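Trainee: Sharing coords-v8.cif (mmCIF, C-alpha atoms) below.
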```
data_protein
loop_
_atom_site.label_atom_id
_atom_site.label_comp_id
_atom_site.auth_asym_id
_atom_site.auth_seq_id
_atom_site.Cartn_x
_atom_site.Cartn_y
_atom_site.Cartn_z
CA MET A 194 17.01 -33.56 -19.19
CA TYR A 195 15.04 -30.71 -20.79
CA ASN A 196 12.28 -29.20 -18.64
CA ALA A 197 9.57 -27.64 -20.79
CA PRO A 198 8.60 -24.13 -19.63
CA MET A 199 5.31 -23.92 -17.77
CA ILE A 200 3.05 -21.18 -16.43
CA THR A 201 4.20 -19.80 -13.08
CA VAL A 202 1.31 -18.86 -10.79
CA ARG A 203 2.41 -16.74 -7.82
CA LEU A 204 0.18 -16.31 -4.77
CA PRO A 205 2.19 -13.82 -2.70
CA GLN A 206 -0.25 -13.60 0.23
CA ARG A 207 -0.16 -17.37 0.65
CA LYS A 208 3.61 -17.38 0.02
CA LYS A 209 2.99 -20.01 -2.63
CA GLU A 210 4.17 -20.53 -6.21
CA LEU A 211 2.83 -23.15 -8.63
CA GLU A 212 4.05 -24.42 -11.99
CA ILE A 213 1.18 -25.42 -14.28
CA PRO A 214 1.46 -26.61 -17.90
CA GLY A 215 -0.13 -24.26 -20.42
CA PRO A 216 -1.80 -22.91 -22.30
CA ARG A 217 -4.61 -22.38 -19.78
CA ARG A 218 -7.28 -19.77 -19.21
CA VAL A 219 -6.99 -17.67 -16.06
CA MET A 220 -10.18 -19.19 -14.63
CA ASP A 221 -8.75 -22.71 -15.09
CA LEU A 222 -5.47 -21.72 -13.44
CA LEU A 223 -7.42 -20.34 -10.48
CA ALA A 224 -9.38 -23.58 -10.21
CA ASP A 225 -6.08 -25.52 -10.25
CA ALA A 226 -4.77 -23.26 -7.48
CA GLY A 227 -7.97 -23.63 -5.43
CA VAL A 228 -8.85 -19.94 -5.59
CA ARG A 229 -12.35 -18.50 -6.11
CA PRO A 230 -12.19 -16.01 -9.01
CA THR A 231 -14.31 -13.36 -7.30
CA THR A 232 -11.87 -13.00 -4.41
CA VAL A 233 -8.79 -12.04 -6.45
CA ILE A 234 -7.37 -9.91 -9.20
CA VAL A 235 -4.94 -11.57 -11.59
CA THR A 236 -2.06 -9.60 -13.02
CA ARG A 237 0.80 -10.12 -15.47
CA GLY A 238 3.35 -7.36 -15.10
CA LYS A 239 1.38 -4.12 -15.29
CA LYS A 240 -1.61 -5.77 -16.96
CA LEU A 241 -4.82 -6.87 -15.30
CA LEU A 242 -6.14 -10.11 -16.81
CA THR A 243 -9.77 -11.11 -17.26
CA LYS A 244 -10.77 -14.61 -16.24
CA ASP A 245 -11.08 -15.82 -19.85
CA HIS A 246 -7.58 -14.62 -20.78
CA ARG A 247 -5.35 -17.38 -22.18
CA VAL A 248 -1.96 -17.70 -20.50
CA GLU A 249 0.93 -19.31 -22.37
CA ASP A 250 3.80 -21.47 -21.15
CA GLY A 251 6.71 -19.42 -19.87
CA GLU A 252 4.47 -16.61 -18.57
CA THR A 253 4.17 -15.62 -14.90
CA ILE A 254 0.97 -14.38 -13.33
CA ASP A 255 0.27 -12.99 -9.85
CA VAL A 256 -2.93 -13.80 -7.98
CA ILE A 257 -3.70 -11.04 -5.46
CA SER A 258 -6.41 -11.54 -2.85
CA VAL A 259 -8.70 -8.53 -2.48
CA VAL A 260 -10.40 -9.59 0.75
CA SER A 261 -9.55 -7.42 3.74
CA GLY A 262 -10.67 -8.19 7.24
CA GLY A 263 -10.93 -6.54 10.62
CA MET B 139 -13.22 -9.96 -24.36
CA LYS B 140 -13.91 -6.39 -25.55
CA CYS B 141 -14.79 -3.43 -23.34
CA LYS B 142 -18.58 -3.12 -23.23
CA ARG B 143 -18.39 0.68 -23.01
CA CYS B 144 -16.05 1.71 -25.84
CA ARG B 145 -16.36 -1.63 -27.70
CA ARG B 146 -12.84 -1.17 -29.05
CA ALA B 147 -10.20 -1.90 -26.43
CA GLU B 148 -9.53 -5.21 -24.71
CA ALA B 149 -11.39 -5.53 -21.38
CA ALA B 150 -9.28 -5.64 -18.20
CA VAL B 151 -12.02 -5.75 -15.55
CA GLU B 152 -15.14 -7.92 -15.65
CA LEU B 153 -18.03 -7.01 -13.37
CA PRO B 154 -20.75 -9.67 -13.47
CA SER B 155 -22.76 -7.66 -10.91
CA HIS B 156 -23.08 -4.90 -13.53
CA HIS B 157 -23.26 -7.30 -16.52
CA SER B 158 -20.21 -5.47 -17.79
CA ALA B 159 -16.52 -5.48 -18.64
CA PHE B 160 -14.25 -2.46 -19.08
CA CYS B 161 -10.91 -1.49 -20.54
CA PRO B 162 -8.73 0.50 -18.08
CA ASP B 163 -9.78 3.95 -19.35
CA CYS B 164 -13.49 3.15 -19.33
CA PHE B 165 -13.16 1.47 -15.91
CA PHE B 166 -11.72 4.70 -14.44
CA VAL B 167 -14.77 6.57 -15.73
CA PHE B 168 -17.15 3.89 -14.41
CA PHE B 169 -15.50 3.65 -10.99
CA ARG B 170 -15.36 7.38 -10.38
CA ARG B 171 -18.97 7.68 -11.44
CA GLN B 172 -19.94 4.99 -8.91
CA VAL B 173 -18.17 6.87 -6.12
CA THR B 174 -19.46 10.33 -7.05
CA GLU B 175 -22.99 8.94 -7.46
CA GLY B 176 -22.71 7.39 -3.98
CA ILE B 177 -21.61 10.77 -2.59
CA ARG B 178 -24.37 12.66 -4.39
CA LYS B 179 -27.18 10.22 -3.56
CA LEU B 180 -26.65 10.38 0.19
CA ARG B 181 -25.24 13.93 0.25
CA LEU B 182 -22.06 12.69 1.93
CA LEU B 183 -19.82 15.60 0.90
CA ALA B 184 -20.18 19.20 -0.20
CA PRO B 185 -17.66 20.96 -2.47
CA GLU B 186 -16.57 23.28 0.38
CA ASP B 187 -15.84 20.42 2.80
CA ARG B 188 -12.39 19.94 4.35
CA VAL B 189 -12.04 16.16 4.30
CA LEU B 190 -9.86 14.14 6.65
CA VAL B 191 -9.24 10.85 4.82
CA CYS B 192 -8.27 7.99 7.14
CA VAL B 193 -5.63 5.95 5.32
CA SER B 194 -4.26 2.59 6.43
CA GLY B 195 -1.97 1.82 3.48
CA GLY B 196 -4.50 -0.68 2.13
CA LYS B 197 -6.22 -0.47 -1.24
CA ASP B 198 -9.55 0.99 -0.17
CA SER B 199 -8.38 4.01 1.78
CA LEU B 200 -5.65 4.96 -0.71
CA VAL B 201 -8.07 4.60 -3.60
CA LEU B 202 -10.59 6.74 -1.72
CA TRP B 203 -7.97 9.44 -1.19
CA ASP B 204 -6.98 9.25 -4.86
CA VAL B 205 -10.56 9.67 -6.10
CA LEU B 206 -11.32 12.54 -3.71
CA ILE B 207 -8.16 14.40 -4.77
CA ASP B 208 -9.02 13.86 -8.45
CA GLU B 209 -12.57 15.06 -7.80
CA GLY B 210 -11.18 18.32 -6.43
CA TYR B 211 -11.97 17.94 -2.72
CA GLU B 212 -9.70 19.59 -0.17
CA THR B 213 -8.20 16.59 1.62
CA GLU B 214 -5.57 15.61 4.14
CA GLY B 215 -4.64 12.04 5.04
CA LEU B 216 -4.53 10.63 8.57
CA TYR B 217 -2.44 7.53 9.24
CA ILE B 218 -2.66 5.79 12.61
CA ASP B 219 0.43 3.71 13.38
CA LEU B 220 -1.03 0.80 15.33
CA GLY B 221 2.37 -0.31 16.64
CA ILE B 222 2.21 -3.79 15.04
CA ASP B 223 5.72 -5.13 14.46
CA GLY B 224 6.75 -4.90 10.81
CA TYR B 225 3.23 -4.56 9.43
CA SER B 226 2.76 -1.00 10.69
CA ASP B 227 6.11 0.10 9.24
CA ARG B 228 5.30 -1.39 5.86
CA SER B 229 1.82 0.20 5.85
CA LYS B 230 3.22 3.58 6.81
CA GLU B 231 5.77 3.41 3.98
CA LYS B 232 2.98 2.90 1.45
CA VAL B 233 0.98 5.81 2.85
CA LEU B 234 3.97 8.16 2.85
CA ALA B 235 4.97 7.13 -0.69
CA TYR B 236 1.44 7.63 -2.02
CA ALA B 237 1.05 10.96 -0.23
CA ALA B 238 4.39 12.18 -1.62
CA SER B 239 3.30 11.20 -5.14
CA ARG B 240 0.32 13.57 -4.72
CA GLY B 241 2.35 16.33 -3.06
CA LYS B 242 0.86 15.64 0.38
CA THR B 243 2.17 14.94 3.87
CA PRO B 244 -0.18 12.85 5.98
CA ILE B 245 -0.89 13.46 9.64
CA VAL B 246 0.57 10.53 11.60
CA VAL B 247 -0.58 9.40 15.05
CA GLU B 248 1.70 6.82 16.70
CA LEU B 249 -0.17 4.70 19.22
CA ALA B 250 3.08 3.66 20.91
CA LYS B 251 3.70 7.33 21.73
CA GLU B 252 0.09 7.66 22.90
CA GLY B 253 0.70 4.79 25.34
CA ILE B 254 -1.70 2.37 23.68
CA PRO B 255 -0.10 0.23 20.92
CA ILE B 256 -2.71 -2.34 19.80
CA PRO B 257 -0.77 -5.61 20.43
CA GLU B 258 0.10 -4.62 24.00
CA ALA B 259 -3.38 -3.24 24.69
CA ALA B 260 -4.92 -6.54 23.50
CA ARG B 261 -2.65 -8.54 25.80
CA CYS B 262 -3.45 -6.28 28.73
CA VAL B 263 -7.23 -6.07 28.55
CA ARG B 264 -8.08 -9.41 26.90
CA MET B 265 -10.36 -7.88 24.31
CA GLN B 266 -10.50 -8.72 20.62
CA GLU B 267 -7.77 -6.81 18.80
CA CYS B 268 -10.19 -5.54 16.13
CA SER B 269 -12.53 -4.21 18.80
CA ILE B 270 -9.73 -2.30 20.55
CA CYS B 271 -8.46 -1.03 17.23
CA GLY B 272 -11.95 0.23 16.33
CA THR B 273 -12.33 2.15 19.58
CA VAL B 274 -8.88 3.72 19.31
CA LYS B 275 -9.22 4.62 15.64
CA ARG B 276 -12.67 6.18 16.05
CA TYR B 277 -11.33 8.27 18.89
CA PHE B 278 -8.35 9.64 16.93
CA PHE B 279 -10.33 10.13 13.72
CA ASN B 280 -12.63 12.47 15.58
CA ARG B 281 -10.00 14.14 17.73
CA VAL B 282 -7.66 14.93 14.82
CA ALA B 283 -10.62 16.13 12.71
CA ALA B 284 -11.95 18.39 15.46
CA GLU B 285 -8.52 19.82 16.29
CA GLY B 286 -7.66 20.37 12.63
CA LYS B 287 -11.03 22.02 11.86
CA PHE B 288 -11.97 19.39 9.30
CA THR B 289 -15.67 19.33 8.44
CA VAL B 290 -15.83 15.61 7.71
CA VAL B 291 -13.98 12.32 8.27
CA ALA B 292 -13.94 9.86 5.34
CA THR B 293 -13.09 6.16 5.63
CA GLY B 294 -12.52 3.56 2.91
CA HIS B 295 -15.28 1.11 3.88
CA ASN B 296 -16.60 -0.49 0.70
CA LEU B 297 -19.71 -2.45 -0.27
CA ASP B 298 -18.21 -5.76 0.92
CA ASP B 299 -17.36 -4.26 4.34
CA GLU B 300 -20.80 -2.73 4.75
CA THR B 301 -22.76 -5.80 3.67
CA ALA B 302 -20.62 -8.07 5.90
CA ARG B 303 -21.42 -5.79 8.82
CA LEU B 304 -25.08 -5.74 7.86
CA LEU B 305 -25.24 -9.54 7.69
CA GLY B 306 -23.56 -9.82 11.10
CA ASN B 307 -25.97 -7.31 12.62
CA LEU B 308 -28.96 -9.12 11.12
CA LEU B 309 -27.84 -12.59 12.18
CA HIS B 310 -27.56 -11.40 15.76
CA TRP B 311 -30.57 -9.06 15.56
CA GLN B 312 -28.50 -6.13 16.73
CA ARG B 313 -31.34 -3.67 16.33
CA ASP B 314 -29.48 -0.70 17.81
CA HIS B 315 -26.48 -1.35 15.53
CA LEU B 316 -28.77 -1.71 12.52
CA ALA B 317 -30.42 1.60 13.34
CA ARG B 318 -27.12 3.47 13.10
CA GLN B 319 -25.41 1.60 10.25
CA HIS B 320 -25.20 4.10 7.40
CA PRO B 321 -22.55 5.64 5.08
CA LEU B 322 -23.38 9.00 6.66
CA LEU B 323 -23.20 9.71 10.38
CA PRO B 324 -24.09 13.35 10.90
CA GLU B 325 -22.12 15.67 13.13
CA ALA B 326 -23.34 15.91 16.71
CA ASP B 327 -23.20 18.31 19.61
CA GLY B 328 -20.18 18.01 21.82
CA GLY B 329 -17.65 18.06 18.98
CA LEU B 330 -18.47 14.99 16.96
CA VAL B 331 -17.43 15.48 13.33
CA ARG B 332 -19.53 14.08 10.44
CA LYS B 333 -18.32 10.68 9.22
CA VAL B 334 -18.80 9.30 5.71
CA LYS B 335 -18.04 6.17 3.66
CA PRO B 336 -17.92 7.32 0.03
CA LEU B 337 -16.99 3.85 -1.33
CA TRP B 338 -20.24 2.24 -0.16
CA ARG B 339 -21.33 1.42 -3.74
CA VAL B 340 -18.10 -0.25 -4.92
CA SER B 341 -16.87 -3.76 -4.15
CA GLU B 342 -13.45 -4.86 -2.96
CA ILE B 343 -12.55 -6.29 -6.33
CA GLU B 344 -13.36 -2.92 -7.94
CA THR B 345 -11.17 -0.93 -5.52
CA ALA B 346 -8.33 -3.46 -5.98
CA ALA B 347 -8.61 -3.21 -9.77
CA TYR B 348 -8.73 0.60 -9.65
CA GLY B 349 -5.71 0.76 -7.35
CA PHE B 350 -3.71 -1.63 -9.51
CA LEU B 351 -4.57 0.07 -12.80
CA LYS B 352 -3.82 3.52 -11.36
CA GLY B 353 -0.43 2.27 -10.16
CA ILE B 354 -1.23 2.87 -6.49
CA ASP B 355 1.22 0.80 -4.46
CA TYR B 356 -0.86 -0.50 -1.54
CA VAL B 357 -0.25 -3.06 1.19
CA THR B 358 -1.56 -6.44 0.03
CA GLU B 359 -0.72 -8.35 3.20
CA GLU B 360 -3.48 -8.59 5.74
CA CYS B 361 -3.23 -7.16 9.24
CA PRO B 362 -1.78 -10.08 11.28
CA MET B 363 -4.23 -9.29 14.07
CA SER B 364 -7.34 -9.71 11.89
CA GLU B 365 -6.89 -13.38 10.99
CA ASP B 366 -9.82 -14.50 13.14
CA ALA B 367 -12.04 -11.51 12.42
CA THR B 368 -15.69 -12.54 12.21
CA SER B 369 -16.20 -10.06 9.37
CA LEU B 370 -14.20 -12.45 7.17
CA VAL B 371 -16.76 -15.21 7.78
CA TYR B 372 -19.62 -12.93 6.73
CA LYS B 373 -17.62 -11.73 3.73
CA GLU B 374 -17.03 -15.27 2.54
CA ALA B 375 -20.71 -16.20 2.91
CA LEU B 376 -21.76 -13.14 0.91
CA SER B 377 -19.06 -13.72 -1.67
CA ARG B 378 -20.37 -17.26 -2.30
CA ILE B 379 -23.88 -15.89 -2.73
CA GLU B 380 -22.54 -13.20 -5.07
CA ASP B 381 -20.77 -15.90 -7.14
CA ARG B 382 -24.09 -17.61 -7.80
CA MET B 383 -26.23 -14.48 -7.97
CA PRO B 384 -24.17 -11.47 -9.11
CA GLY B 385 -25.53 -8.15 -7.92
CA THR B 386 -27.03 -9.51 -4.69
CA ARG B 387 -24.74 -7.43 -2.45
CA ILE B 388 -25.72 -4.04 -3.80
CA VAL B 389 -29.43 -4.96 -3.80
CA PHE B 390 -29.07 -6.16 -0.17
CA TYR B 391 -27.41 -2.93 0.94
CA GLN B 392 -29.51 -0.48 -1.06
CA GLY B 393 -32.65 -2.16 0.23
CA PHE B 394 -31.37 -1.77 3.75
CA LEU B 395 -30.62 1.93 3.19
CA ASP B 396 -34.12 2.62 1.89
CA PRO B 397 -35.52 5.28 4.27
CA SER B 398 -38.75 3.30 4.61
CA ASN B 399 -36.89 0.30 6.08
CA PRO B 400 -38.03 0.08 9.72
CA LEU B 401 -34.86 -1.79 10.75
CA ARG B 402 -32.84 1.37 10.27
CA LYS B 403 -34.88 3.44 12.66
CA GLY B 404 -34.18 1.71 15.91
CA PRO B 405 -36.73 0.11 18.21
CA GLU B 406 -38.23 3.36 19.51
CA ALA B 407 -38.37 5.16 16.19
CA ALA B 408 -39.79 2.09 14.46
CA ALA B 409 -42.62 2.09 16.96
CA ASP B 410 -43.14 5.84 16.61
CA GLY B 411 -43.42 5.89 12.84
CA ASN B 412 -41.38 7.38 10.01
CA MET B 413 -38.11 9.23 10.42
CA ALA B 414 -35.83 9.83 7.45
CA ARG B 415 -32.16 9.03 7.97
CA GLU B 416 -31.25 12.64 7.28
CA ASP B 417 -33.24 13.54 10.40
CA ALA B 418 -31.83 10.74 12.53
CA PRO B 419 -30.76 11.98 15.92
CA ALA B 420 -27.18 13.05 16.38
CA ALA B 421 -27.14 10.58 19.24
CA ASP B 422 -26.81 7.82 16.62
CA ALA B 423 -23.59 9.37 15.46
CA LEU B 424 -22.28 9.64 18.97
CA ARG B 425 -23.18 6.06 19.79
CA ALA B 426 -21.46 4.88 16.65
CA ALA B 427 -18.39 6.97 17.33
CA GLU B 428 -18.16 5.81 20.89
CA GLY B 429 -18.44 2.18 19.90
CA ASP B 430 -20.73 -0.69 20.66
CA GLY B 431 -22.83 -1.01 23.73
CA GLU B 432 -22.54 2.60 24.72
CA GLY B 433 -24.98 5.43 24.38
CA GLY B 434 -28.03 6.69 26.11
CA ALA B 435 -30.77 9.22 26.25
CA GLY B 436 -30.33 12.94 26.67
CA PRO B 437 -27.62 15.28 25.50
CA PRO B 438 -24.01 14.07 25.25
CA GLN B 439 -21.53 14.93 27.98
CA VAL B 440 -17.88 15.76 27.79
CA CYS B 441 -15.30 13.19 28.90
CA VAL B 442 -13.79 14.28 32.21
CA GLU B 443 -10.38 13.00 31.10
CA CYS B 444 -9.97 14.22 27.54
CA GLY B 445 -12.98 16.39 26.69
CA ALA B 446 -14.26 14.08 23.93
CA PRO B 447 -18.03 13.72 23.48
CA THR B 448 -19.46 10.76 25.41
CA TYR B 449 -22.58 9.45 27.11
CA THR B 450 -20.67 8.35 30.17
CA GLU B 451 -18.46 10.28 32.54
CA THR B 452 -15.30 8.98 30.88
CA CYS B 453 -15.20 8.14 27.15
CA SER B 454 -14.59 4.57 25.94
CA PHE B 455 -11.04 5.45 24.78
CA CYS B 456 -10.00 6.87 28.15
CA ARG B 457 -11.54 3.89 29.96
CA LEU B 458 -9.61 1.53 27.69
CA LYS B 459 -6.40 3.48 28.20
CA GLU B 460 -6.87 3.34 31.96
CA ARG B 461 -7.41 -0.45 31.85
CA VAL B 462 -4.21 -0.84 29.85
CA ARG B 463 -2.31 1.40 32.27
CA LYS B 464 -3.52 -0.60 35.28
CA ALA B 465 -2.71 -3.96 33.68
CA ARG B 466 0.73 -2.68 32.71
CA SER B 467 1.55 -1.54 36.25
CA LEU B 468 0.35 -4.88 37.64
CA ARG B 469 2.72 -6.68 35.28
CA VAL B 470 5.62 -4.44 36.25
CA ALA B 471 4.83 -5.06 39.92
CA ARG B 472 4.75 -8.86 39.37
CA VAL B 473 8.05 -8.81 37.49
CA SER B 474 9.81 -6.71 40.12
CA ARG B 475 8.60 -8.95 43.00
#
```
Please go through the file and, once you have read it, give me the structure as structure tokens.

Mentor:
Amino acid sequence: MYNAPMITVRLPQRKKELEIPGPRRVMDLLADAGVRPTTVIVTRGKKLLTKDHRVEDGETIDVISVVSGG
Amino acid sequence: MKCKRCRRAEAAVELPSHHSAFCPDCFFVFFRRQVTEGIRKLRLLAPEDRVLVCVSGGKDSLVLWDVLIDEGYETEGLYIDLGIDGYSDRSKEKVLAYAASRGKTPIVVELAKEGIPIPEAARCVRMQECSICGTVKRYFFNRVAAEGKFTVVATGHNLDDETARLLGNLLHWQRDHLARQHPLLPEADGGLVRKVKPLWRVSEIETAAYGFLKGIDYVTEECPMSEDATSLVYKEALSRIEDRMPGTRIVFYQGFLDPSNPLRKGPEAAADGNMAREDAPAADALRAAEGDGEGGAGPPQVCVECGAPTYTETCSFCRLKERVRKARSLRVARVSR
């Protein structure tokens, strides 16, 4: 059976990876992943993505938390 | 979305608090201007300063070091190996790699060799890890700076850190802590080196974006000992407010720093009248360096154990070290019985 490619959303600090059907805007992907946009940066390779950026099926994005404690 | 500065390139960073969005090149200009403006406004650094930059391997401190090098300051990095399994090794790797990329070799203090690794110390004295870590770090920041003839110690505390601390101090009406919370703690008699926080105007998301776009490889994992840190609760509360009302954080902090704010003058000074922060007593700096709940009137003394400035006979670091030593020998005695 053919599996259509989806968007891979990696959350390395949570050790989590999600597959979400595209195309979707970054802000919608973050909502799907339960992440508040102002607490993360979103990257694709060496590129930093704005929250209105449209991500296509087959692409992988990383969601990096910026909140440090202590 | 287009960059609102050059209006040509695609934006990479959106900053609702500044009603703006920048492409990478324009963001570098914006970010560095924010930092240099923060330095200039509060006179944190002078061009002739020798700056000891305290680096943890995280985004803020490495970005701070990067900006200060690019701005032409004479800097050295100080890394304190906290002795936390795995995490400390990975953090140190990032610091060494960054330093090498800028032709630098950081000064490294290993707490295990100093007899006070944080995880063991926390087990021994039953204090919060972050509190122990703060005491130990403040001690070595000052000691290394004084021994190395640095004129100033710089840390990577950003706007989110400072406003979280401010909120915590306000919620508990910690008037003495409020009086000494400032990006500049002046030098004090007894060998206390000036301490500054040049990133006080920039948020965590800005330092993370700057670090990523500059290709700085920083540690993204959190310190395993800070999971229950109360600062995270304050940060989340402020972050939710910032989501609804962008720009609130900087207004909150700048309002607090206003020299006419009586909260920043301490109970006695507030009763006495005006005193600009620049004239604040050096005792504030000493109290802050020595940690919470310590301090007093009169001139500082010298610690009988290590010679560090203190208001008590023995400084807070030496007292902590002694408590750890005693607890350790008790354990050894119990095991050998």

Trainee: The PyMOL selection byres ((chain B) within 6 of (chain A)) on the file shown: which residues, as a list of chain:residue names?

Mentor: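 Applied to this file, the PyMOL selection byres ((chain B) within 6 of (chain A)) selects B:Ala150, B:Cys268, B:Ile343, B:Ser364, B:Ala367, B:Leu370.
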
Trainee: Check which residues satisfy the PyMOL selection byres ((chain B and resi 181) around 12) in the file shown, then give them as a PyMOL selection string.

Mentor: chain B and resi 173-180+182-185+187+321-324+332-336+415-416

Trainee: For CA of Tyr236 in chain B and CA of Glu214 in chain B, determine how far apart the two atoms are, in Å to one decimal place.

Mentor: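 Between CA of Tyr236 in chain B and CA of Glu214 in chain B the gap works out to 12.3 Å.
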
Trainee: Between CA of Arg461 in chain B and CA of Val473 in chain B, what distance in Å does the model show, to one decimal?

Mentor: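 Here the two named atoms are 18.5 Å from each other.
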
Trainee: Using Å and a single decimal, report how far CA of Glu285 in chain B sits from CA of Val247 in chain B.

Mentor: 13.2 Å

Trainee: I'd like to know which of A:Asn196, A:Glu249, A:Arg203, A:Ile254 is closest to Arg217 in chain A, using all atoms listed in the file.

Mentor: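 When distances to Arg217 in chain A are compared using all atoms listed in the file, the smallest one comes from A:Glu249.
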
Trainee: Quick one: residues within 10 Å of Asp163 in chain B, all atoms listed in the file counted, chain neighbours fewer than 5 positions away excluded, as a list in words?

Mentor: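 These residues fall inside the cut-off: Cys141, Arg143, Cys144, Ala147, Ala149, Ala150, Phe168, Leu351 and Lys352 of chain B.
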
Trainee: For this structure, which residues satisfy the selection - the PyMOL selection byres ((chain B and resi 376) around 9) - when it is evaluated on the file as given? I want them as JSON, numbers by chain.

Mentor: {"B": [298, 301, 302, 305, 371, 372, 373, 374, 375, 377, 378, 379, 380, 381, 386, 387]}

Trainee: Kindly provide, as AutoDock Vina command-line options, the centre and edge lengths (Å, one decimal) of an axis-aligned box around all atoms of range 446-452 of chain B given in the file, with 3 Å on each side.

Mentor:
```
--center_x -18.4 --center_y 11.2 --center_z 28.0 --size_x 14.3 --size_y 11.7 --size_z 15.1
```

Trainee: Find the residue from A:Val228, A:Ala197, A:Val202, A:Val248 that sits nearest to Pro216 in chain A; use only C-alpha atoms when measuring.

Mentor: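 Of the candidates, the smallest distance to Pro216 in chain A is held by A:Val248.
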
Trainee: With only C-alpha atoms as the basis for distance, which of B:Ala347, B:Leu249, B:Ile222, B:Val193 is at the shortest distance from Pro162 in chain B?

Mentor: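 Nearest to Pro162 in chain B: B:Ala347.
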
Trainee: What lies within 12 Å of His157 in chain B using all atoms listed in the file, ignoring chain neighbours under 3 positions off, as a list of chain:residue names?

Mentor: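 Surrounding residues, per the criterion: B:Cys141, B:Lys142, B:Arg143, B:Val151, B:Glu152, B:Leu153, B:Pro154, B:Phe160, B:Met383, B:Pro384, B:Gly385.
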